[in-house]
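Colleague: Got a structure for you, written out below as structure tokens; questions coming shortly.
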Amino acid sequence: MEFKKSEKLYKKGLKNLVGAVNSPVRAFSSVGGNPLFIKKAKGTKITDVDGNKYIDLVLSYGPMILGHRHKKVQKAVEKALQKGYSFGASTENEIKLAKIVCDAFPGMDKVRFVNSGTEAVLSGIRLARAFTGKDKIIKFAGCYHGHQDALLVAAGSGLMTLSLPGSKGVPEGAVKNTLISNYNDLESVKKHFENDDNIAGVIIEPIAGNMGVVVPEDNFLVELKKYLESKGALLIVDEVMTGFRSKFGGAQELLGVEADITCLGKVIGGGFPVGAYGAREEIMQEVAPLGGMYQAGTLSGNPIAMAGGIATLTELKKQNPYKQFEETGAILEVILLETAKKYNVALTVNRFGSMLNPFFVNSEVTNFVEAQLSDTKKFAVFFWEMIRNGVFLPPSQFEAWFLSSALSDKDIKKISKAIDAGMKKVAE
Ligand code: PLP
């Protein structure tokens, strides 16, 4: 397998792009080598500029839940393109997508569309502060909520991959209202409330996917919500990754919890830049033009993104692939564990439906500290062998693998063969 054209583009890209990428998670810093440059994708496959074809388990970090270029999404977007790309005024499709989203999440009476998950979360946090009149926010170590200043502490995703404790350029003042707790540890939340009556709410990834996949322990979210209610604080559930992926109603539907404020992204735009935040009526009344919390966007509710989102969610609802996701995910989990055992490789697999993650460690992973015990060098060896065997993975031990509803038995067989080759290589 050759990567000559990718290498050439990488060198060319370095001149005017930072690291030749537009998001650090796309760099191959922790696995070595150059990032691959992609030419096209269709269904479950993605093709790089050298013509190498891979089964794609990155799926644009989650949005391509139906596979690439699903014919209904493609058609809807092409139709929208004929009418104009951006108007700076309202369109009917914004109302249609808002209804689909609000119907799926019982805790959302109203929604506001933005352009990314980062924007969704930073607006959701502003809203929590506006509604409660309090300043502080608790986040969990290892959770990633986008690149807004206030939450770039003890964050997962690219910061974890690059071993950064936080970000340069974030002033102390920007994080002084951010408190950190440990995932799956309610006591660590309670401790903050014991010393502080200025806490607006807690933000959480309901299934963490940015320190690798870390699953909430039984009833953790339900107990957390109950506790926050007793303190008059809000539960902000960041479903940017899990929304419409864990279930049509997100992780909240599955875990039996209702957020005060929900943040969405990824799947709701079907691959186009969209985010959203929403809540019950009384909370959303705070948002301008109804209330005094200002939040705006030139391209928000973009017609192409709305068309992509409506087509994706409509098809997703029709397909209802959540049972299939669970079954396929379980098959891959077993394949990973059995193959690791065959080659005597220490491995722990965390999975929640169609999000999964093999950690190269033999102890369980329930939080940020435990995730960091994973052997990232072994992951790098495994990663490249998967690439050579035609499976495209996120280039980081700490990013989730995503499944699409387009994945076939043939694809699973190919992934299984690649896993065998990967584990064999790790064991050498
Ligand atoms: N929240 C979560 C849980 C995420 O996984 C991400 C991105 O991966 C974000 C927020 C930020 O979204 P975006 O990259 O669209 O700004």
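Following the order of the structure tokens, first chain is A, next is B, and so on, with residues numbered from 1 inside each chain and ligands from 1 in the order they appear.
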Tell me, counting only C-alpha atoms and all ligand atoms, for each residue of chain A within 7 Å of ligand 1, which pair of atoms is nearest and how far apart they are in Å to one decimal, in rows ordered by chain and increasing number, as a tab-separated table.
Modeller:
residue	atom	partner	partner_atom_place_in_ligand_line	distance
A:Tyr61	CA	ligand 1	8 (O)	6.7
A:Ser116	CA	ligand 1	15 (O)	4.0
A:Gly117	CA	ligand 1	12 (O)	3.2
A:Thr118	CA	ligand 1	16 (O)	3.6
A:Glu119	CA	ligand 1	16 (O)	6.5
A:Val121	CA	ligand 1	10 (C)	6.5
A:Tyr144	CA	ligand 1	2 (C)	5.5
A:His145	CA	ligand 1	1 (N)	3.7
A:Gly146	CA	ligand 1	11 (C)	3.6
A:His147	CA	ligand 1	16 (O)	6.8
A:Glu205	CA	ligand 1	3 (C)	5.6
A:Gly209	CA	ligand 1	5 (O)	6.5
A:Asn210	CA	ligand 1	5 (O)	6.2
A:Asp238	CA	ligand 1	3 (C)	5.5
A:Glu239	CA	ligand 1	3 (C)	6.0
A:Val240	CA	ligand 1	2 (C)	4.7
A:Met241	CA	ligand 1	5 (O)	4.8
A:Gly265	CA	ligand 1	15 (O)	6.0
A:Lys266	CA	ligand 1	15 (O)	6.3
A:Gly275	CA	ligand 1	15 (O)	6.8
Colleague: Where does DSSP see alpha helix (DSSP H) in stretch 260-358 of chain A, if you list the residues as a VMD selection string?
Modeller: chain A and resid 281 to 284 303 to 319 322 to 342
Colleague: Dump N, CA and C atoms for the selected residues as a CSV table (one decimal), in the first residue's frame?
Modeller:
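Result written to out23.csv:
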chain,number,residue,atom,x,y,z
A,281,GLU,N,-39.5,25.1,27.6
A,281,GLU,CA,-40.0,26.5,27.3
A,281,GLU,C,-39.4,27.6,28.3
A,282,GLU,N,-39.6,27.3,29.6
A,282,GLU,CA,-39.2,28.4,30.5
A,282,GLU,C,-37.7,28.8,30.4
A,283,ILE,N,-36.9,27.8,30.1
A,283,ILE,CA,-35.4,28.1,30.0
A,283,ILE,C,-35.2,28.8,28.6
A,284,MET,N,-35.8,28.3,27.6
A,284,MET,CA,-35.5,28.9,26.2
A,284,MET,C,-36.1,30.3,26.1
A,303,PRO,N,-29.5,26.7,4.8
A,303,PRO,CA,-30.5,25.9,4.1
A,303,PRO,C,-29.9,24.5,3.6
A,304,ILE,N,-28.6,24.5,3.3
A,304,ILE,CA,-28.1,23.2,2.8
A,304,ILE,C,-27.9,22.3,4.0
A,305,ALA,N,-27.4,22.8,5.1
A,305,ALA,CA,-27.3,22.0,6.3
A,305,ALA,C,-28.7,21.5,6.8
A,306,MET,N,-29.7,22.4,6.7
A,306,MET,CA,-31.0,22.0,7.2
A,306,MET,C,-31.5,20.8,6.3
A,307,ALA,N,-31.3,20.9,5.0
A,307,ALA,CA,-31.8,19.9,4.1
A,307,ALA,C,-31.1,18.6,4.4
A,308,GLY,N,-29.8,18.6,4.6
A,308,GLY,CA,-29.0,17.4,4.9
A,308,GLY,C,-29.5,16.8,6.2
A,309,GLY,N,-29.7,17.7,7.2
A,309,GLY,CA,-30.2,17.2,8.5
A,309,GLY,C,-31.6,16.6,8.5
A,310,ILE,N,-32.5,17.2,7.8
A,310,ILE,CA,-33.8,16.6,7.7
A,310,ILE,C,-33.8,15.3,7.0
A,311,ALA,N,-33.1,15.2,5.9
A,311,ALA,CA,-33.0,13.9,5.1
A,311,ALA,C,-32.4,12.8,6.0
A,312,THR,N,-31.3,13.2,6.7
A,312,THR,CA,-30.6,12.2,7.5
A,312,THR,C,-31.5,11.7,8.6
A,313,LEU,N,-32.1,12.6,9.3
A,313,LEU,CA,-32.9,12.2,10.5
A,313,LEU,C,-34.2,11.5,10.0
A,314,THR,N,-34.8,11.9,8.9
A,314,THR,CA,-36.0,11.2,8.4
A,314,THR,C,-35.6,9.7,8.0
A,315,GLU,N,-34.5,9.6,7.3
A,315,GLU,CA,-34.1,8.2,6.9
A,315,GLU,C,-33.7,7.4,8.2
A,316,LEU,N,-33.1,8.0,9.1
A,316,LEU,CA,-32.6,7.4,10.3
A,316,LEU,C,-33.9,6.8,11.1
A,317,LYS,N,-34.9,7.7,11.2
A,317,LYS,CA,-36.1,7.2,11.9
A,317,LYS,C,-36.7,6.1,11.2
A,318,LYS,N,-36.7,6.1,9.9
A,318,LYS,CA,-37.3,5.0,9.1
A,318,LYS,C,-36.5,3.7,9.3
A,319,GLN,N,-35.2,3.9,9.2
A,319,GLN,CA,-34.4,2.7,9.3
A,319,GLN,C,-34.4,2.1,10.7
A,322,TYR,N,-31.1,0.9,15.6
A,322,TYR,CA,-30.5,0.8,16.9
A,322,TYR,C,-30.2,-0.6,17.3
A,323,LYS,N,-31.2,-1.5,17.0
A,323,LYS,CA,-31.0,-2.9,17.3
A,323,LYS,C,-29.8,-3.5,16.5
A,324,GLN,N,-29.8,-3.1,15.2
A,324,GLN,CA,-28.7,-3.5,14.4
A,324,GLN,C,-27.3,-3.0,14.9
A,325,PHE,N,-27.3,-1.7,15.4
A,325,PHE,CA,-26.1,-1.1,15.9
A,325,PHE,C,-25.6,-1.9,17.1
A,326,GLU,N,-26.6,-2.3,18.0
A,326,GLU,CA,-26.2,-3.1,19.2
A,326,GLU,C,-25.6,-4.4,18.8
A,327,GLU,N,-26.3,-5.1,17.8
A,327,GLU,CA,-25.8,-6.4,17.4
A,327,GLU,C,-24.4,-6.3,16.7
A,328,THR,N,-24.3,-5.4,15.8
A,328,THR,CA,-23.0,-5.3,15.1
A,328,THR,C,-21.9,-4.8,16.0
A,329,GLY,N,-22.2,-3.9,16.9
A,329,GLY,CA,-21.2,-3.5,17.9
A,329,GLY,C,-20.8,-4.6,18.8
A,330,ALA,N,-21.8,-5.4,19.2
A,330,ALA,CA,-21.4,-6.6,20.1
A,330,ALA,C,-20.5,-7.6,19.3
A,331,ILE,N,-20.8,-7.8,18.0
A,331,ILE,CA,-20.0,-8.7,17.2
A,331,ILE,C,-18.5,-8.2,17.2
A,332,LEU,N,-18.4,-6.9,16.9
A,332,LEU,CA,-17.0,-6.3,16.8
A,332,LEU,C,-16.3,-6.4,18.2
A,333,GLU,N,-17.1,-6.2,19.2
A,333,GLU,CA,-16.5,-6.2,20.6
A,333,GLU,C,-15.9,-7.6,20.8
A,334,VAL,N,-16.7,-8.6,20.5
A,334,VAL,CA,-16.3,-10.0,20.8
A,334,VAL,C,-15.1,-10.3,19.9
A,335,ILE,N,-15.1,-9.9,18.6
A,335,ILE,CA,-14.0,-10.2,17.7
A,335,ILE,C,-12.7,-9.5,18.3
A,336,LEU,N,-12.8,-8.3,18.7
A,336,LEU,CA,-11.6,-7.6,19.3
A,336,LEU,C,-11.1,-8.4,20.5
A,337,LEU,N,-12.0,-8.7,21.4
A,337,LEU,CA,-11.5,-9.4,22.7
A,337,LEU,C,-10.9,-10.8,22.4
A,338,GLU,N,-11.6,-11.5,21.5
A,338,GLU,CA,-11.1,-12.9,21.2
A,338,GLU,C,-9.8,-12.9,20.5
A,339,THR,N,-9.7,-11.9,19.6
A,339,THR,CA,-8.4,-11.9,18.8
A,339,THR,C,-7.3,-11.4,19.7
A,340,ALA,N,-7.6,-10.5,20.6
A,340,ALA,CA,-6.5,-10.0,21.5
A,340,ALA,C,-6.1,-11.2,22.4
A,341,LYS,N,-7.1,-12.0,22.8
A,341,LYS,CA,-6.8,-13.2,23.6
A,341,LYS,C,-5.9,-14.2,22.9
A,342,LYS,N,-6.3,-14.4,21.6
A,342,LYS,CA,-5.5,-15.3,20.7
A,342,LYS,C,-4.1,-15.0,20.7
Colleague: Can you list, as number ranges by chain, all residues belonging to stretch 263-390 of chain A that DSSP tags as strand (DSSP E or B)?
Modeller: A: 263-264, 270, 272, 275-279, 287, 293, 348-352, 355-359
Colleague: Just the residues within 10 Å of A:Thr366, please, counting only C-alpha atoms, with nothing from its chain fewer than 3 positions along; format it as JSON, numbers by chain.
Modeller: {"A": [182, 183, 184, 185, 208, 211, 213, 214, 215, 216, 217, 350, 363, 369, 370, 371]}
Colleague: Once you have the residues from the selection above, write them out as a PDB file, in the first residue's frame, restricted to N, CA and C atoms.
Modeller:
ATOM      1  N   ASN A 182     -14.942  13.921  38.747  1.00  0.00           N
ATOM      2  CA  ASN A 182     -14.538  12.681  38.095  1.00  0.00           C
ATOM      3  C   ASN A 182     -15.756  11.951  37.547  1.00  0.00           C
ATOM      4  N   TYR A 183     -15.592  11.456  36.321  1.00  0.00           N
ATOM      5  CA  TYR A 183     -16.690  10.716  35.682  1.00  0.00           C
ATOM      6  C   TYR A 183     -17.066   9.519  36.549  1.00  0.00           C
ATOM      7  N   ASN A 184     -18.329   9.221  36.617  1.00  0.00           N
ATOM      8  CA  ASN A 184     -18.837   8.085  37.407  1.00  0.00           C
ATOM      9  C   ASN A 184     -18.626   8.265  38.906  1.00  0.00           C
ATOM     10  N   ASP A 185     -18.492   9.494  39.361  1.00  0.00           N
ATOM     11  CA  ASP A 185     -18.212   9.740  40.783  1.00  0.00           C
ATOM     12  C   ASP A 185     -19.078  10.912  41.268  1.00  0.00           C
ATOM     13  N   ALA A 208     -19.349   8.984  27.520  1.00  0.00           N
ATOM     14  CA  ALA A 208     -18.160   9.737  27.133  1.00  0.00           C
ATOM     15  C   ALA A 208     -17.533   9.080  25.911  1.00  0.00           C
ATOM     16  N   MET A 211     -12.548  10.326  25.654  1.00  0.00           N
ATOM     17  CA  MET A 211     -11.371   9.786  26.352  1.00  0.00           C
ATOM     18  C   MET A 211     -11.303   8.309  25.973  1.00  0.00           C
ATOM     19  N   VAL A 213     -14.152   5.495  24.620  1.00  0.00           N
ATOM     20  CA  VAL A 213     -15.526   5.360  25.102  1.00  0.00           C
ATOM     21  C   VAL A 213     -15.512   4.989  26.582  1.00  0.00           C
ATOM     22  N   VAL A 214     -16.198   5.776  27.387  1.00  0.00           N
ATOM     23  CA  VAL A 214     -16.355   5.438  28.806  1.00  0.00           C
ATOM     24  C   VAL A 214     -17.853   5.527  29.114  1.00  0.00           C
ATOM     25  N   VAL A 215     -18.341   4.413  29.629  1.00  0.00           N
ATOM     26  CA  VAL A 215     -19.785   4.262  29.804  1.00  0.00           C
ATOM     27  C   VAL A 215     -20.174   4.693  31.223  1.00  0.00           C
ATOM     28  N   PRO A 216     -21.291   5.415  31.367  1.00  0.00           N
ATOM     29  CA  PRO A 216     -21.703   5.783  32.729  1.00  0.00           C
ATOM     30  C   PRO A 216     -22.153   4.553  33.507  1.00  0.00           C
ATOM     31  N   GLU A 217     -21.805   4.522  34.788  1.00  0.00           N
ATOM     32  CA  GLU A 217     -22.248   3.393  35.601  1.00  0.00           C
ATOM     33  C   GLU A 217     -23.751   3.482  35.800  1.00  0.00           C
ATOM     34  N   ASN A 350     -14.454  -0.985  25.517  1.00  0.00           N
ATOM     35  CA  ASN A 350     -15.643  -0.270  26.003  1.00  0.00           C
ATOM     36  C   ASN A 350     -16.544   0.008  24.819  1.00  0.00           C
ATOM     37  N   SER A 363      -6.816  -3.482  32.492  1.00  0.00           N
ATOM     38  CA  SER A 363      -7.709  -3.122  33.587  1.00  0.00           C
ATOM     39  C   SER A 363      -8.922  -2.374  33.035  1.00  0.00           C
ATOM     40  N   VAL A 369      -8.498   8.897  34.290  1.00  0.00           N
ATOM     41  CA  VAL A 369      -7.221   8.378  34.801  1.00  0.00           C
ATOM     42  C   VAL A 369      -6.998   6.961  34.285  1.00  0.00           C
ATOM     43  N   GLU A 370      -8.040   6.149  34.348  1.00  0.00           N
ATOM     44  CA  GLU A 370      -7.900   4.757  33.893  1.00  0.00           C
ATOM     45  C   GLU A 370      -7.678   4.695  32.382  1.00  0.00           C
ATOM     46  N   ALA A 371      -8.316   5.605  31.639  1.00  0.00           N
ATOM     47  CA  ALA A 371      -8.137   5.621  30.182  1.00  0.00           C
ATOM     48  C   ALA A 371      -6.674   5.911  29.825  1.00  0.00           C
TER      49      ALA A 371
END
Colleague: Smallest atom-to-atom distance to A:Val365: which of A:Asp411, A:Ile100, A:Gly212, A:Gly201, using only C-alpha atoms?
Modeller: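 Going through A:Asp411, A:Ile100, A:Gly212, A:Gly201 one by one, the smallest distance to A:Val365 is for A:Gly212.
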Colleague: Which one is closest to A:Pro289: A:Arg112, A:Ala418, A:Ala174, A:Phe398? Count only C-alpha atoms.
Modeller: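 Smallest separation from A:Pro289 among the options: A:Arg112.
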Colleague: For A:Leu9, list every protein, DNA or RNA residue within 10 Å, evaluated using only C-alpha atoms, and leave out those in the same chain fewer than 3 positions away; present the list as a ChimeraX atom specification.
Modeller: /A:4-6,12-14,20,34-37,49
Colleague: What does the structure give for the distance between atom CA of A:Phe87 and atom CA of A:Ala120, in Å to one decimal?
Modeller: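 Rounded to one decimal, the two atoms are 21.2 Å apart.
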Colleague: Write out as a list in words the residues lying within 8 Å of A:Ser300, counting only C-alpha atoms and excluding same-chain residues fewer than 5 positions away.
Modeller: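 The residues that qualify are Phe113, Val114, Asn115 and Val274 of chain A.
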Colleague: Pick out the residues sitting within 12 Å of A:Leu59, and hand them over as number ranges by chain; count only C-alpha atoms, and ignore anything fewer than 2 positions along from it in its own chain.
Modeller: A: 41-46, 54-57, 61-69, 241, 266-267, 270-271, 354-355, 391-394, 399-407
Colleague: Could you save the residues just selected, with N, CA and C atoms, as a compact mmCIF listing (two decimals), in the first residue's frame?
Modeller:
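Now in selection.txt:
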# COMPACT_ATOMS: atom_id res chain seq x y z
N ALA A 41 -15.82 9.40 -0.80
CA ALA A 41 -16.38 8.34 0.05
C ALA A 41 -17.77 8.00 -0.45
N LYS A 42 -18.13 6.74 -0.26
CA LYS A 42 -19.50 6.31 -0.64
C LYS A 42 -19.86 5.11 0.24
N GLY A 43 -21.02 5.14 0.83
CA GLY A 43 -21.46 4.02 1.67
C GLY A 43 -20.53 3.83 2.84
N THR A 44 -20.01 2.61 2.99
CA THR A 44 -19.13 2.32 4.14
C THR A 44 -17.66 2.58 3.82
N LYS A 45 -17.38 2.98 2.57
CA LYS A 45 -15.97 3.08 2.14
C LYS A 45 -15.50 4.51 1.96
N ILE A 46 -14.23 4.69 2.23
CA ILE A 46 -13.60 5.99 2.02
C ILE A 46 -12.31 5.73 1.23
N TYR A 54 -10.78 2.13 2.08
CA TYR A 54 -10.90 1.62 3.45
C TYR A 54 -12.36 1.53 3.86
N ILE A 55 -12.65 0.60 4.76
CA ILE A 55 -13.94 0.66 5.47
C ILE A 55 -13.77 1.76 6.51
N ASP A 56 -14.72 2.67 6.53
CA ASP A 56 -14.56 3.87 7.34
C ASP A 56 -15.23 3.71 8.71
N LEU A 57 -14.42 3.67 9.75
CA LEU A 57 -14.97 3.64 11.12
C LEU A 57 -14.76 4.98 11.83
N TYR A 61 -16.06 11.46 12.39
CA TYR A 61 -16.22 11.51 13.86
C TYR A 61 -17.69 11.47 14.27
N GLY A 62 -18.47 10.74 13.50
CA GLY A 62 -19.84 10.44 13.92
C GLY A 62 -20.98 10.81 13.00
N PRO A 63 -20.90 11.95 12.30
CA PRO A 63 -22.10 12.39 11.56
C PRO A 63 -22.62 11.43 10.48
N MET A 64 -21.73 10.68 9.83
CA MET A 64 -22.18 9.91 8.67
C MET A 64 -22.83 8.59 9.10
N ILE A 65 -23.86 8.71 9.87
CA ILE A 65 -24.49 7.53 10.51
C ILE A 65 -25.18 6.61 9.50
N LEU A 66 -25.53 7.16 8.33
CA LEU A 66 -26.17 6.31 7.29
C LEU A 66 -25.13 5.81 6.30
N GLY A 67 -23.87 6.09 6.55
CA GLY A 67 -22.83 5.85 5.55
C GLY A 67 -22.69 7.11 4.71
N HIS A 68 -21.67 7.12 3.85
CA HIS A 68 -21.41 8.32 3.04
C HIS A 68 -22.37 8.43 1.86
N ARG A 69 -22.76 9.63 1.58
CA ARG A 69 -23.57 9.97 0.41
C ARG A 69 -24.80 9.06 0.25
N MET A 241 -22.20 14.01 20.38
CA MET A 241 -21.79 12.73 19.81
C MET A 241 -22.90 11.69 19.86
N LYS A 266 -23.09 17.10 15.05
CA LYS A 266 -22.76 15.93 14.23
C LYS A 266 -23.92 15.37 13.41
N VAL A 267 -24.62 14.31 13.90
CA VAL A 267 -25.64 13.61 13.11
C VAL A 267 -26.74 14.55 12.63
N GLY A 270 -26.11 15.69 9.24
CA GLY A 270 -25.82 14.66 8.23
C GLY A 270 -24.51 14.90 7.49
N GLY A 271 -23.54 15.55 8.13
CA GLY A 271 -22.25 15.79 7.50
C GLY A 271 -22.04 17.26 7.16
N SER A 354 -23.30 1.76 18.98
CA SER A 354 -22.46 1.88 17.78
C SER A 354 -21.20 2.71 18.02
N MET A 355 -20.88 2.98 19.28
CA MET A 355 -19.60 3.66 19.61
C MET A 355 -18.76 2.66 20.39
N VAL A 391 -8.84 -0.68 6.82
CA VAL A 391 -9.84 -0.16 7.77
C VAL A 391 -9.35 1.19 8.29
N PHE A 392 -10.17 2.20 8.10
CA PHE A 392 -9.82 3.57 8.50
C PHE A 392 -10.33 3.83 9.91
N LEU A 393 -9.39 4.04 10.83
CA LEU A 393 -9.73 4.29 12.24
C LEU A 393 -9.34 5.71 12.61
N PRO A 394 -9.91 6.26 13.69
CA PRO A 394 -9.40 7.54 14.18
C PRO A 394 -7.94 7.36 14.60
N GLU A 399 -10.10 8.25 20.71
CA GLU A 399 -11.28 8.61 19.92
C GLU A 399 -12.12 7.36 19.67
N ALA A 400 -13.43 7.54 19.73
CA ALA A 400 -14.34 6.41 19.52
C ALA A 400 -14.37 5.96 18.05
N TRP A 401 -14.60 4.66 17.85
CA TRP A 401 -14.92 4.18 16.51
C TRP A 401 -16.44 4.29 16.36
N PHE A 402 -16.88 4.64 15.16
CA PHE A 402 -18.32 4.77 14.92
C PHE A 402 -18.76 3.78 13.85
N LEU A 403 -19.97 3.26 14.02
CA LEU A 403 -20.54 2.37 13.02
C LEU A 403 -21.65 3.10 12.28
N SER A 404 -21.85 2.73 11.01
CA SER A 404 -22.97 3.29 10.26
C SER A 404 -23.98 2.18 9.99
N SER A 405 -25.19 2.59 9.63
CA SER A 405 -26.23 1.59 9.34
C SER A 405 -25.96 0.90 8.01
N ALA A 406 -24.99 1.39 7.24
CA ALA A 406 -24.69 0.78 5.94
C ALA A 406 -23.74 -0.42 6.05
N LEU A 407 -23.16 -0.61 7.22
CA LEU A 407 -22.15 -1.66 7.40
C LEU A 407 -22.74 -3.05 7.09
Colleague: Neighbours of A:Lys176 within 10 Å (only C-alpha atoms; same-chain residues fewer than 5 positions away dropped), as a ChimeraX atom specification?
Modeller: /A:135-137,150,171
Colleague: What is the distance between atom CA of A:Val202 and atom CA of A:Gln252, in Å to one decimal?
Modeller: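 Separating atom CA of A:Val202 from atom CA of A:Gln252 is a distance of 15.1 Å.
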Colleague: So what do you get for atom CA of A:Asp260 versus atom CA of A:Ile207, distance-wise?
Modeller: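 Distance between the two atoms: 16.9 Å.
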